[in-house]
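This is run-v6.cif (mmCIF, C-alpha atoms).
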```
data_model
#
loop_
_atom_site.group_PDB
_atom_site.id
_atom_site.type_symbol
_atom_site.label_atom_id
_atom_site.label_comp_id
_atom_site.auth_asym_id
_atom_site.auth_seq_id
_atom_site.Cartn_x
_atom_site.Cartn_y
_atom_site.Cartn_z
ATOM 1 C CA MET A 8 75.292 82.836 128.556
ATOM 2 C CA GLN A 9 77.256 86.006 129.167
ATOM 3 C CA ILE A 10 79.663 87.393 126.557
ATOM 4 C CA THR A 11 81.034 90.823 125.768
ATOM 5 C CA VAL A 12 80.902 92.560 122.385
ATOM 6 C CA ASN A 13 83.319 95.474 122.064
ATOM 7 C CA GLY A 14 83.438 95.593 125.841
ATOM 8 C CA GLN A 15 79.658 95.649 126.342
ATOM 9 C CA PRO A 16 78.193 92.747 128.367
ATOM 10 C CA MET A 17 75.543 90.819 126.447
ATOM 11 C CA ASN A 18 73.251 87.924 127.375
ATOM 12 C CA VAL A 19 72.756 85.452 124.558
ATOM 13 C CA PRO A 20 71.166 81.987 124.228
ATOM 14 C CA GLY A 21 73.387 79.055 125.145
ATOM 15 C CA GLU A 22 73.680 77.693 121.617
ATOM 16 C CA LEU A 23 74.805 80.492 119.352
ATOM 17 C CA CYS A 24 77.280 80.654 116.498
ATOM 18 C CA LEU A 25 79.166 83.796 115.486
ATOM 19 C CA ASN A 26 77.024 84.241 112.406
ATOM 20 C CA GLU A 27 73.823 84.253 114.475
ATOM 21 C CA LEU A 28 75.326 86.778 116.864
ATOM 22 C CA PHE A 29 76.327 88.966 113.931
ATOM 23 C CA GLU A 30 72.760 88.876 112.557
ATOM 24 C CA GLN A 31 71.422 89.956 115.967
ATOM 25 C CA LEU A 32 73.629 93.035 116.047
ATOM 26 C CA THR A 33 71.635 94.622 113.167
ATOM 27 C CA LEU A 34 74.453 96.677 111.705
ATOM 28 C CA GLN A 35 73.778 99.197 108.944
ATOM 29 C CA SER A 36 76.606 97.851 106.835
ATOM 30 C CA HIS A 37 77.960 94.320 106.688
ATOM 31 C CA HIS A 38 80.924 95.298 104.545
ATOM 32 C CA SER A 39 84.498 95.971 105.602
ATOM 33 C CA ILE A 40 83.990 94.329 108.960
ATOM 34 C CA ALA A 41 86.133 91.859 110.851
ATOM 35 C CA LEU A 42 85.618 89.941 114.012
ATOM 36 C CA ALA A 43 87.844 88.438 116.683
ATOM 37 C CA VAL A 44 86.988 86.139 119.556
ATOM 38 C CA ASN A 45 89.334 86.331 122.533
ATOM 39 C CA SER A 46 91.906 88.127 120.351
ATOM 40 C CA GLN A 47 91.774 85.456 117.616
ATOM 41 C CA VAL A 48 90.621 86.753 114.239
ATOM 42 C CA ILE A 49 87.887 84.496 112.852
ATOM 43 C CA SER A 50 87.404 84.695 109.096
ATOM 44 C CA ARG A 51 83.859 85.117 107.830
ATOM 45 C CA SER A 52 83.785 81.647 106.270
ATOM 46 C CA GLU A 53 84.168 80.167 109.767
ATOM 47 C CA TRP A 54 81.470 82.196 111.491
ATOM 48 C CA THR A 55 78.774 79.562 111.106
ATOM 49 C CA ALA A 56 80.937 76.784 112.481
ATOM 50 C CA HIS A 57 82.219 78.846 115.412
ATOM 51 C CA GLN A 58 80.089 78.266 118.540
ATOM 52 C CA LEU A 59 80.294 80.909 121.239
ATOM 53 C CA GLN A 60 81.378 79.996 124.766
ATOM 54 C CA GLU A 61 80.555 81.541 128.130
ATOM 55 C CA GLY A 62 82.758 84.575 128.788
ATOM 56 C CA ASP A 63 83.864 85.041 125.158
ATOM 57 C CA ARG A 64 85.185 88.503 124.354
ATOM 58 C CA ILE A 65 84.103 89.523 120.856
ATOM 59 C CA ILE A 66 85.725 92.430 119.060
ATOM 60 C CA LEU A 67 84.017 93.798 115.981
ATOM 61 C CA ILE A 68 85.934 96.309 113.878
ATOM 62 C CA GLU A 69 85.222 98.276 110.730
ATOM 63 C CA ALA A 70 87.206 100.379 108.301
ATOM 64 C CA ALA A 71 87.356 104.023 109.324
ATOM 65 C CA ALA A 72 88.723 107.218 107.838
ATOM 66 C CA GLY A 73 92.424 107.643 108.510
ATOM 67 C CA GLY A 74 95.810 108.517 107.079
ATOM 68 C CA MET B 1090 105.604 102.837 86.495
ATOM 69 C CA LEU B 1091 105.765 102.391 90.255
ATOM 70 C CA LYS B 1092 105.630 98.786 91.428
ATOM 71 C CA ILE B 1093 105.089 97.760 95.046
ATOM 72 C CA ALA B 1094 105.244 94.002 95.548
ATOM 73 C CA ASN B 1095 103.083 92.749 92.641
ATOM 74 C CA LYS B 1096 100.993 95.920 92.246
ATOM 75 C CA HIS B 1097 101.538 98.630 89.646
ATOM 76 C CA PHE B 1098 100.639 102.275 90.199
ATOM 77 C CA SER B 1099 100.516 104.940 87.512
ATOM 78 C CA SER B 1100 100.021 107.686 90.118
ATOM 79 C CA ARG B 1101 102.786 108.465 92.586
ATOM 80 C CA LEU B 1102 100.463 110.323 94.908
ATOM 81 C CA PHE B 1103 98.902 108.274 97.691
ATOM 82 C CA THR B 1104 96.213 109.859 99.805
ATOM 83 C CA GLY B 1105 94.669 109.375 103.220
ATOM 84 C CA THR B 1106 90.983 109.446 104.113
ATOM 85 C CA GLY B 1107 91.208 111.146 107.524
ATOM 86 C CA LYS B 1108 89.945 114.598 108.532
ATOM 87 C CA PHE B 1109 87.599 115.228 105.577
ATOM 88 C CA SER B 1110 84.452 117.156 106.493
ATOM 89 C CA ASN B 1111 82.152 114.754 104.638
ATOM 90 C CA SER B 1112 82.241 111.666 102.465
ATOM 91 C CA GLN B 1113 81.422 113.380 99.164
ATOM 92 C CA THR B 1114 84.272 115.882 99.524
ATOM 93 C CA MET B 1115 86.554 112.988 100.422
ATOM 94 C CA LEU B 1116 85.572 111.026 97.332
ATOM 95 C CA ASP B 1117 85.760 114.066 95.021
ATOM 96 C CA ALA B 1118 89.213 114.990 96.341
ATOM 97 C CA ILE B 1119 90.492 111.440 96.026
ATOM 98 C CA ILE B 1120 89.269 111.216 92.437
ATOM 99 C CA ALA B 1121 90.759 114.651 91.636
ATOM 100 C CA SER B 1122 94.120 113.554 93.075
ATOM 101 C CA GLY B 1123 94.328 110.699 90.579
ATOM 102 C CA THR B 1124 95.556 108.423 93.355
ATOM 103 C CA GLU B 1125 95.304 104.646 93.129
ATOM 104 C CA LEU B 1126 96.147 103.926 96.772
ATOM 105 C CA VAL B 1127 94.234 105.319 99.723
ATOM 106 C CA THR B 1128 94.859 104.638 103.381
ATOM 107 C CA VAL B 1129 92.141 103.701 105.818
ATOM 108 C CA ALA B 1130 92.187 103.058 109.548
ATOM 109 C CA LEU B 1131 90.299 100.572 111.700
ATOM 110 C CA LYS B 1132 88.021 101.229 114.630
ATOM 111 C CA ARG B 1133 85.697 99.280 116.863
ATOM 112 C CA VAL B 1134 82.090 99.325 115.699
ATOM 113 C CA ASP B 1135 80.138 101.555 118.070
ATOM 114 C CA LEU B 1136 77.129 99.380 118.865
ATOM 115 C CA ASP B 1137 75.138 102.298 120.305
ATOM 116 C CA ALA B 1138 75.958 105.129 117.908
ATOM 117 C CA GLY B 1139 76.093 102.862 114.851
ATOM 118 C CA GLN B 1140 78.497 103.135 111.924
ATOM 119 C CA ASP B 1141 79.473 106.628 110.765
ATOM 120 C CA GLY B 1142 79.426 105.645 107.090
ATOM 121 C CA ILE B 1143 81.923 108.303 105.967
ATOM 122 C CA LEU B 1144 83.871 105.690 103.982
ATOM 123 C CA ALA B 1145 80.781 104.085 102.436
ATOM 124 C CA PRO B 1146 80.777 106.019 99.103
ATOM 125 C CA LEU B 1147 84.499 105.432 98.712
ATOM 126 C CA LEU B 1148 84.290 101.714 99.433
ATOM 127 C CA ALA B 1149 81.306 101.382 97.083
ATOM 128 C CA SER B 1150 83.155 102.980 94.152
ATOM 129 C CA GLN B 1151 86.596 101.616 94.918
ATOM 130 C CA GLN B 1152 86.830 99.378 91.843
ATOM 131 C CA GLN B 1153 85.268 101.908 89.481
ATOM 132 C CA HIS B 1154 88.042 104.385 90.330
ATOM 133 C CA ASN B 1155 90.803 101.777 90.458
ATOM 134 C CA LEU B 1156 91.537 102.449 94.125
ATOM 135 C CA ASN B 1157 93.562 100.074 96.253
ATOM 136 C CA LEU B 1158 93.082 100.274 99.994
ATOM 137 C CA LEU B 1159 96.021 100.485 102.359
ATOM 138 C CA PRO B 1160 94.809 99.795 105.895
ATOM 139 C CA ASN B 1161 96.995 101.153 108.658
ATOM 140 C CA THR B 1162 97.591 99.868 112.163
ATOM 141 C CA SER B 1163 97.179 103.278 113.744
ATOM 142 C CA GLY B 1164 96.423 102.987 117.443
ATOM 143 C CA ALA B 1165 98.841 100.091 117.892
ATOM 144 C CA ARG B 1166 101.509 100.756 120.520
ATOM 145 C CA THR B 1167 103.364 97.457 120.201
ATOM 146 C CA ALA B 1168 104.304 94.949 117.516
ATOM 147 C CA LYS B 1169 101.803 92.494 118.964
ATOM 148 C CA GLU B 1170 98.946 94.981 118.627
ATOM 149 C CA ALA B 1171 99.998 95.916 115.094
ATOM 150 C CA ILE B 1172 100.043 92.249 114.024
ATOM 151 C CA TYR B 1173 96.553 91.766 115.458
ATOM 152 C CA ALA B 1174 95.316 94.937 113.704
ATOM 153 C CA ALA B 1175 96.837 93.793 110.414
ATOM 154 C CA GLN B 1176 95.028 90.455 110.618
ATOM 155 C CA LEU B 1177 91.727 92.232 111.292
ATOM 156 C CA ALA B 1178 92.402 94.592 108.389
ATOM 157 C CA ARG B 1179 93.123 91.730 106.006
ATOM 158 C CA GLU B 1180 89.878 90.077 106.997
ATOM 159 C CA ALA B 1181 87.818 93.291 106.823
ATOM 160 C CA LEU B 1182 89.181 94.636 103.563
ATOM 161 C CA GLY B 1183 90.436 91.578 101.721
ATOM 162 C CA THR B 1184 93.901 92.997 101.069
ATOM 163 C CA ASP B 1185 97.401 91.871 101.998
ATOM 164 C CA LEU B 1186 98.629 95.452 101.963
ATOM 165 C CA VAL B 1187 99.263 96.959 105.379
ATOM 166 C CA LYS B 1188 100.835 100.173 106.572
ATOM 167 C CA VAL B 1189 102.552 99.299 109.830
ATOM 168 C CA GLU B 1190 102.156 102.325 112.032
ATOM 169 C CA ILE B 1191 103.189 101.995 115.668
ATOM 170 C CA HIS B 1192 103.354 105.197 117.649
ATOM 171 C CA PRO B 1193 103.066 104.922 121.421
ATOM 172 C CA ASP B 1194 103.289 108.685 122.071
ATOM 173 C CA PRO B 1195 100.137 110.631 121.111
ATOM 174 C CA LYS B 1196 101.796 114.061 121.210
ATOM 175 C CA TYR B 1197 104.242 113.624 118.335
ATOM 176 C CA LEU B 1198 103.010 110.291 116.926
ATOM 177 C CA LEU B 1199 106.576 109.310 116.149
ATOM 178 C CA PRO B 1200 106.994 105.680 115.117
ATOM 179 C CA ASP B 1201 108.635 103.173 117.476
ATOM 180 C CA PRO B 1202 111.502 101.716 115.415
ATOM 181 C CA LEU B 1203 111.992 98.496 117.406
ATOM 182 C CA GLU B 1204 108.339 97.490 117.492
ATOM 183 C CA THR B 1205 107.981 98.469 113.827
ATOM 184 C CA LEU B 1206 110.911 96.269 112.794
ATOM 185 C CA GLN B 1207 109.562 93.337 114.783
ATOM 186 C CA ALA B 1208 106.015 93.685 113.430
ATOM 187 C CA SER B 1209 107.290 94.123 109.878
ATOM 188 C CA GLU B 1210 109.345 90.946 110.065
ATOM 189 C CA THR B 1211 106.462 88.859 111.408
ATOM 190 C CA LEU B 1212 103.878 90.278 109.006
ATOM 191 C CA SER B 1213 106.155 89.874 105.977
ATOM 192 C CA ALA B 1214 106.657 86.222 106.957
ATOM 193 C CA MET B 1215 102.863 85.864 107.196
ATOM 194 C CA GLY B 1216 102.508 86.976 103.579
ATOM 195 C CA PHE B 1217 101.492 90.580 104.131
ATOM 196 C CA ILE B 1218 102.712 93.333 101.800
ATOM 197 C CA VAL B 1219 104.241 95.516 104.485
ATOM 198 C CA LEU B 1220 104.764 99.264 104.177
ATOM 199 C CA PRO B 1221 106.190 100.507 107.481
ATOM 200 C CA TYR B 1222 105.845 104.129 108.624
ATOM 201 C CA VAL B 1223 109.232 105.036 110.052
ATOM 202 C CA HIS B 1224 111.460 107.909 110.990
ATOM 203 C CA ALA B 1225 113.781 108.951 108.179
ATOM 204 C CA ASP B 1226 116.473 106.592 109.465
ATOM 205 C CA PRO B 1227 118.565 105.113 106.655
ATOM 206 C CA VAL B 1228 119.919 102.283 108.838
ATOM 207 C CA LEU B 1229 116.445 101.252 109.980
ATOM 208 C CA CYS B 1230 115.188 101.360 106.389
ATOM 209 C CA LYS B 1231 117.893 98.895 105.331
ATOM 210 C CA ARG B 1232 117.042 96.611 108.257
ATOM 211 C CA LEU B 1233 113.376 96.714 107.244
ATOM 212 C CA GLU B 1234 114.335 95.834 103.710
ATOM 213 C CA GLU B 1235 116.231 92.792 105.020
ATOM 214 C CA VAL B 1236 113.141 91.494 106.844
ATOM 215 C CA GLY B 1237 111.087 91.676 103.662
ATOM 216 C CA VAL B 1238 109.076 94.905 103.570
ATOM 217 C CA ALA B 1239 107.658 95.927 100.182
ATOM 218 C CA ALA B 1240 108.455 99.637 100.611
ATOM 219 C CA VAL B 1241 109.556 102.052 103.311
ATOM 220 C CA MET B 1242 107.621 105.115 104.388
ATOM 221 C CA PRO B 1243 109.920 107.625 106.090
ATOM 222 C CA LEU B 1244 108.338 110.736 107.565
ATOM 223 C CA GLY B 1245 108.967 114.293 106.391
ATOM 224 C CA SER B 1246 107.853 115.733 109.744
ATOM 225 C CA PRO B 1247 105.293 114.699 112.390
ATOM 226 C CA ILE B 1248 101.890 113.439 111.201
ATOM 227 C CA GLY B 1249 99.457 116.264 110.460
ATOM 228 C CA SER B 1250 102.042 118.961 111.277
ATOM 229 C CA ASN B 1251 102.239 120.299 107.684
ATOM 230 C CA LEU B 1252 105.861 121.229 108.453
ATOM 231 C CA GLY B 1253 107.154 119.766 105.203
ATOM 232 C CA LEU B 1254 110.382 117.951 104.480
ATOM 233 C CA LYS B 1255 112.388 118.453 107.674
ATOM 234 C CA THR B 1256 114.235 115.194 107.066
ATOM 235 C CA ARG B 1257 115.352 116.099 103.560
ATOM 236 C CA GLU B 1258 119.018 114.987 103.753
ATOM 237 C CA PHE B 1259 118.126 111.694 105.421
ATOM 238 C CA ILE B 1260 115.449 110.981 102.832
ATOM 239 C CA GLN B 1261 118.152 111.561 100.221
ATOM 240 C CA ILE B 1262 120.377 108.930 101.853
ATOM 241 C CA ILE B 1263 117.443 106.506 102.059
ATOM 242 C CA VAL B 1264 116.683 107.001 98.354
ATOM 243 C CA GLU B 1265 120.344 106.423 97.491
ATOM 244 C CA GLN B 1266 120.541 103.184 99.481
ATOM 245 C CA SER B 1267 117.106 101.636 99.151
ATOM 246 C CA SER B 1268 116.275 98.728 96.903
ATOM 247 C CA VAL B 1269 112.566 98.967 97.740
ATOM 248 C CA PRO B 1270 110.300 101.922 96.876
ATOM 249 C CA VAL B 1271 110.574 104.954 99.182
ATOM 250 C CA ILE B 1272 107.345 106.780 99.998
ATOM 251 C CA VAL B 1273 107.503 109.996 101.996
ATOM 252 C CA ASP B 1274 104.711 109.815 104.527
ATOM 253 C CA ALA B 1275 103.626 112.441 107.027
ATOM 254 C CA GLY B 1276 104.256 116.141 107.273
ATOM 255 C CA ILE B 1277 103.891 117.037 103.574
ATOM 256 C CA GLY B 1278 102.074 120.347 103.987
ATOM 257 C CA SER B 1279 101.925 121.823 100.503
ATOM 258 C CA PRO B 1280 102.217 120.805 96.863
ATOM 259 C CA SER B 1281 105.707 122.362 96.785
ATOM 260 C CA ASP B 1282 106.754 120.018 99.629
ATOM 261 C CA SER B 1283 105.611 117.049 97.572
ATOM 262 C CA ALA B 1284 107.408 118.347 94.475
ATOM 263 C CA GLN B 1285 110.614 118.711 96.495
ATOM 264 C CA ALA B 1286 110.303 115.159 97.782
ATOM 265 C CA MET B 1287 109.753 113.849 94.265
ATOM 266 C CA GLU B 1288 112.741 115.851 92.977
ATOM 267 C CA LEU B 1289 114.899 113.935 95.471
ATOM 268 C CA GLY B 1290 113.905 110.743 93.700
ATOM 269 C CA VAL B 1291 111.432 109.283 96.152
ATOM 270 C CA ASP B 1292 108.997 106.906 94.493
ATOM 271 C CA ALA B 1293 105.771 108.374 95.887
ATOM 272 C CA VAL B 1294 104.356 110.641 98.565
ATOM 273 C CA LEU B 1295 101.429 110.067 100.886
ATOM 274 C CA VAL B 1296 99.318 113.122 101.649
ATOM 275 C CA ASN B 1297 96.306 113.342 103.912
ATOM 276 C CA SER B 1298 95.880 116.382 106.179
ATOM 277 C CA ALA B 1299 97.156 118.943 103.670
ATOM 278 C CA ILE B 1300 94.378 117.947 101.253
ATOM 279 C CA ALA B 1301 91.644 117.149 103.756
ATOM 280 C CA VAL B 1302 91.856 120.376 105.768
ATOM 281 C CA ALA B 1303 92.434 122.745 102.820
ATOM 282 C CA ARG B 1304 89.720 125.328 102.218
ATOM 283 C CA ASP B 1305 88.984 123.560 98.929
ATOM 284 C CA PRO B 1306 90.152 119.942 99.207
ATOM 285 C CA VAL B 1307 89.305 119.099 95.583
ATOM 286 C CA GLN B 1308 91.408 121.951 94.173
ATOM 287 C CA MET B 1309 94.208 121.116 96.613
ATOM 288 C CA ALA B 1310 94.133 117.476 95.533
ATOM 289 C CA THR B 1311 94.539 118.601 91.924
ATOM 290 C CA ALA B 1312 97.440 120.868 92.909
ATOM 291 C CA PHE B 1313 99.157 117.937 94.651
ATOM 292 C CA LYS B 1314 98.617 115.741 91.626
ATOM 293 C CA GLU B 1315 100.294 118.297 89.372
ATOM 294 C CA ALA B 1316 103.145 118.935 91.842
ATOM 295 C CA VAL B 1317 103.938 115.228 92.154
ATOM 296 C CA ILE B 1318 104.010 114.854 88.366
ATOM 297 C CA ALA B 1319 106.230 117.956 88.040
ATOM 298 C CA GLY B 1320 108.601 116.785 90.775
ATOM 299 C CA ARG B 1321 108.945 113.336 89.250
ATOM 300 C CA ARG B 1322 109.546 114.786 85.798
ATOM 301 C CA ALA B 1323 112.237 117.109 87.220
ATOM 302 C CA PHE B 1324 113.960 114.176 88.915
ATOM 303 C CA LYS B 1325 113.941 112.175 85.685
ATOM 304 C CA ALA B 1326 115.217 115.194 83.744
ATOM 305 C CA GLY B 1327 118.163 115.590 86.143
ATOM 306 C CA LEU B 1328 118.469 118.764 88.177
ATOM 307 C CA GLY B 1329 121.431 121.075 87.602
ATOM 308 C CA GLY B 1330 124.007 121.279 90.380
ATOM 309 C CA ARG B 1331 123.998 124.032 93.025
ATOM 310 C CA SER B 1332 126.769 126.551 93.597
ATOM 311 C CA LEU B 1333 127.182 129.692 95.681
ATOM 312 C CA SER B 1334 128.894 131.613 92.897
ATOM 313 C CA ALA B 1335 127.099 132.695 89.750
ATOM 314 C CA SER B 1336 127.366 130.991 86.419
ATOM 315 C CA SER B 1337 126.222 133.159 83.549
ATOM 316 C CA SER B 1338 123.320 132.031 81.478
ATOM 317 C CA SER B 1339 123.701 134.911 78.994
ATOM 318 C CA PRO B 1340 126.769 135.468 76.789
ATOM 319 C CA LEU B 1341 129.124 137.953 78.463
ATOM 320 C CA THR B 1342 130.382 139.272 75.158
ATOM 321 C CA ALA B 1343 132.312 142.474 75.051
ATOM 322 C CA PHE B 1344 130.048 144.462 72.707
ATOM 323 C CA LEU B 1345 129.626 147.285 75.258
ATOM 324 C CA ASP B 1346 133.368 147.804 75.723
ATOM 325 C CA ASN B 1347 133.602 150.770 73.370
ATOM 326 C CA LEU B 1348 131.205 153.050 75.234
#
```

Please, can you express the file's structure as structure tokens?
Amino acid sequence: MQITVNGQPMNVPGELCLNELFEQLTLQSHHSIALAVNSQVISRSEWTAHQLQEGDRIILIEAAAGG
Amino acid sequence: MLKIANKHFSSRLFTGTGKFSNSQTMLDAIIASGTELVTVALKRVDLDAGQDGILAPLLASQQQHNLNLLPNTSGARTAKEAIYAAQLAREALGTDLVKVEIHPDPKYLLPDPLETLQASETLSAMGFIVLPYVHADPVLCKRLEEVGVAAVMPLGSPIGSNLGLKTREFIQIIVEQSSVPVIVDAGIGSPSDSAQAMELGVDAVLVNSAIAVARDPVQMATAFKEAVIAGRRAFKAGLGGRSLSASSSSPLTAFLDNL
């Protein structure tokens, strides 16, 4: 199944929830992060229940320095 | 004590986290400033380069130093984008506070009043504590108040310009009319600028570049802290009126008349 994460194409297994995808991304920090699927913000408590679909566009954001 | 929505602040200096050379200097300067509210931005995680981690020490010691985070919607060009950014920020940082910042033009970064009003109305209705970054427009500030913002953040001059309080008279009108806290945001270039803003009766100032790019950000943060306290105290004490003609402060007695 083909999805994009922050614009990058990614091939993932057919049955995958958001939480599993997040684990695969091996980020240094899991704090201060939020995630949206097709421009819908999905809260962390729903990541396990949320199954990914073909063509999903995932946006992953983090807090950054700014004024 | 300053109150914004249900939050109390003993410091009237808010600081940004942008432009610091490293995370330790950022944290030291923020602690030296005595601030209890710091702004942060949002960005996409770079999956190749990884996370830059400059905020990590700050986020780790946030509670220890009694720091509230104020995420901004910088990068948003429309109300729709700002609302989306605010929802991401709430999820990422666990706060209802949001600085609505919508500036479509990258040269001057001036806020779009129509999009800002629209986003502020929607986000206030969604339960966010909205602090909109706006031009020093007294009419717009009243309209924002009507749609439920928790404070207004008029600019002194363009973001990062360090030009100071170019909007002084309009800020004065906003202070006179506002029933929500007024925070001067953007353009404050020196501690004396912040003192002047506080003397006008604004409730707080937000300073980022002037601290972050100073030769010694920690000393500059301390100077801003002292200037904001001095300016507030002067406002509370009541400044004397101005006049072009002199008014003697020494007795003009006639003891020299006999010479």

**Atom pair CA of Met1287 (chain B) / CA of Gly1320 (chain B): separation (Å)** =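 Separation between CA of Met1287 (chain B) and CA of Gly1320 (chain B): 4.7 Å.
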
**Selection result of the PyMOL selection byres ((chain A and resi 40-44) around 10) on this file, as a ChimeraX atom specification** = /A:11-13,25,29,36-39,45-51,54,57,59-60,63-70 /B:1131-1134,1173,1176-1182

Go ahead and write the selection's residues with C-alpha atoms as an mmCIF file, in the coordinates of the input.
```
data_model
loop_
_atom_site.group_PDB
_atom_site.id
_atom_site.type_symbol
_atom_site.label_atom_id
_atom_site.label_comp_id
_atom_site.auth_asym_id
_atom_site.auth_seq_id
_atom_site.Cartn_x
_atom_site.Cartn_y
_atom_site.Cartn_z
ATOM 1 C CA THR A 11 81.034 90.823 125.768
ATOM 2 C CA VAL A 12 80.902 92.560 122.385
ATOM 3 C CA ASN A 13 83.319 95.474 122.064
ATOM 4 C CA LEU A 25 79.166 83.796 115.486
ATOM 5 C CA PHE A 29 76.327 88.966 113.931
ATOM 6 C CA SER A 36 76.606 97.851 106.835
ATOM 7 C CA HIS A 37 77.960 94.320 106.688
ATOM 8 C CA HIS A 38 80.924 95.298 104.545
ATOM 9 C CA SER A 39 84.498 95.971 105.602
ATOM 10 C CA ASN A 45 89.334 86.331 122.533
ATOM 11 C CA SER A 46 91.906 88.127 120.351
ATOM 12 C CA GLN A 47 91.774 85.456 117.616
ATOM 13 C CA VAL A 48 90.621 86.753 114.239
ATOM 14 C CA ILE A 49 87.887 84.496 112.852
ATOM 15 C CA SER A 50 87.404 84.695 109.096
ATOM 16 C CA ARG A 51 83.859 85.117 107.830
ATOM 17 C CA TRP A 54 81.470 82.196 111.491
ATOM 18 C CA HIS A 57 82.219 78.846 115.412
ATOM 19 C CA LEU A 59 80.294 80.909 121.239
ATOM 20 C CA GLN A 60 81.378 79.996 124.766
ATOM 21 C CA ASP A 63 83.864 85.041 125.158
ATOM 22 C CA ARG A 64 85.185 88.503 124.354
ATOM 23 C CA ILE A 65 84.103 89.523 120.856
ATOM 24 C CA ILE A 66 85.725 92.430 119.060
ATOM 25 C CA LEU A 67 84.017 93.798 115.981
ATOM 26 C CA ILE A 68 85.934 96.309 113.878
ATOM 27 C CA GLU A 69 85.222 98.276 110.730
ATOM 28 C CA ALA A 70 87.206 100.379 108.301
ATOM 29 C CA LEU B 1131 90.299 100.572 111.700
ATOM 30 C CA LYS B 1132 88.021 101.229 114.630
ATOM 31 C CA ARG B 1133 85.697 99.280 116.863
ATOM 32 C CA VAL B 1134 82.090 99.325 115.699
ATOM 33 C CA TYR B 1173 96.553 91.766 115.458
ATOM 34 C CA GLN B 1176 95.028 90.455 110.618
ATOM 35 C CA LEU B 1177 91.727 92.232 111.292
ATOM 36 C CA ALA B 1178 92.402 94.592 108.389
ATOM 37 C CA ARG B 1179 93.123 91.730 106.006
ATOM 38 C CA GLU B 1180 89.878 90.077 106.997
ATOM 39 C CA ALA B 1181 87.818 93.291 106.823
ATOM 40 C CA LEU B 1182 89.181 94.636 103.563
#
```

**Request:** Return the single residue from A:Met17, A:Ala56, A:Leu34, A:Met8 that is closest to chain B, with distances computed using only C-alpha atoms.
**Result:**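 Of A:Met17, A:Ala56, A:Leu34, A:Met8, the one nearest chain B is A:Leu34, counting only C-alpha atoms.
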
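Counting only C-alpha atoms, the residue from A:Gln35, A:Asn26, A:Asn18, A:Thr55 that sits nearest to chain B is A:Gln35.
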
**Message:** Show me, as a PyMOL selection string, every residue of chain B with an atom at most 9 Å from chain A, counting all atoms listed in the file.
**Reply:** chain B and resi 1104-1109+1127-1136+1139-1145+1148+1160-1161+1163+1173+1176-1183+1248+1275+1295-1298

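Distance-wise, CA of Ala1214 (chain B) and CA of His1192 (chain B) end up 22.0 Å apart.
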
**Prompt:** Separation of CA of Gln1113 (chain B) and CA of Ile1318 (chain B), in Å?
**Reply:**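 Atom-to-atom, CA of Gln1113 (chain B) and CA of Ile1318 (chain B) are spaced 25.1 Å apart.
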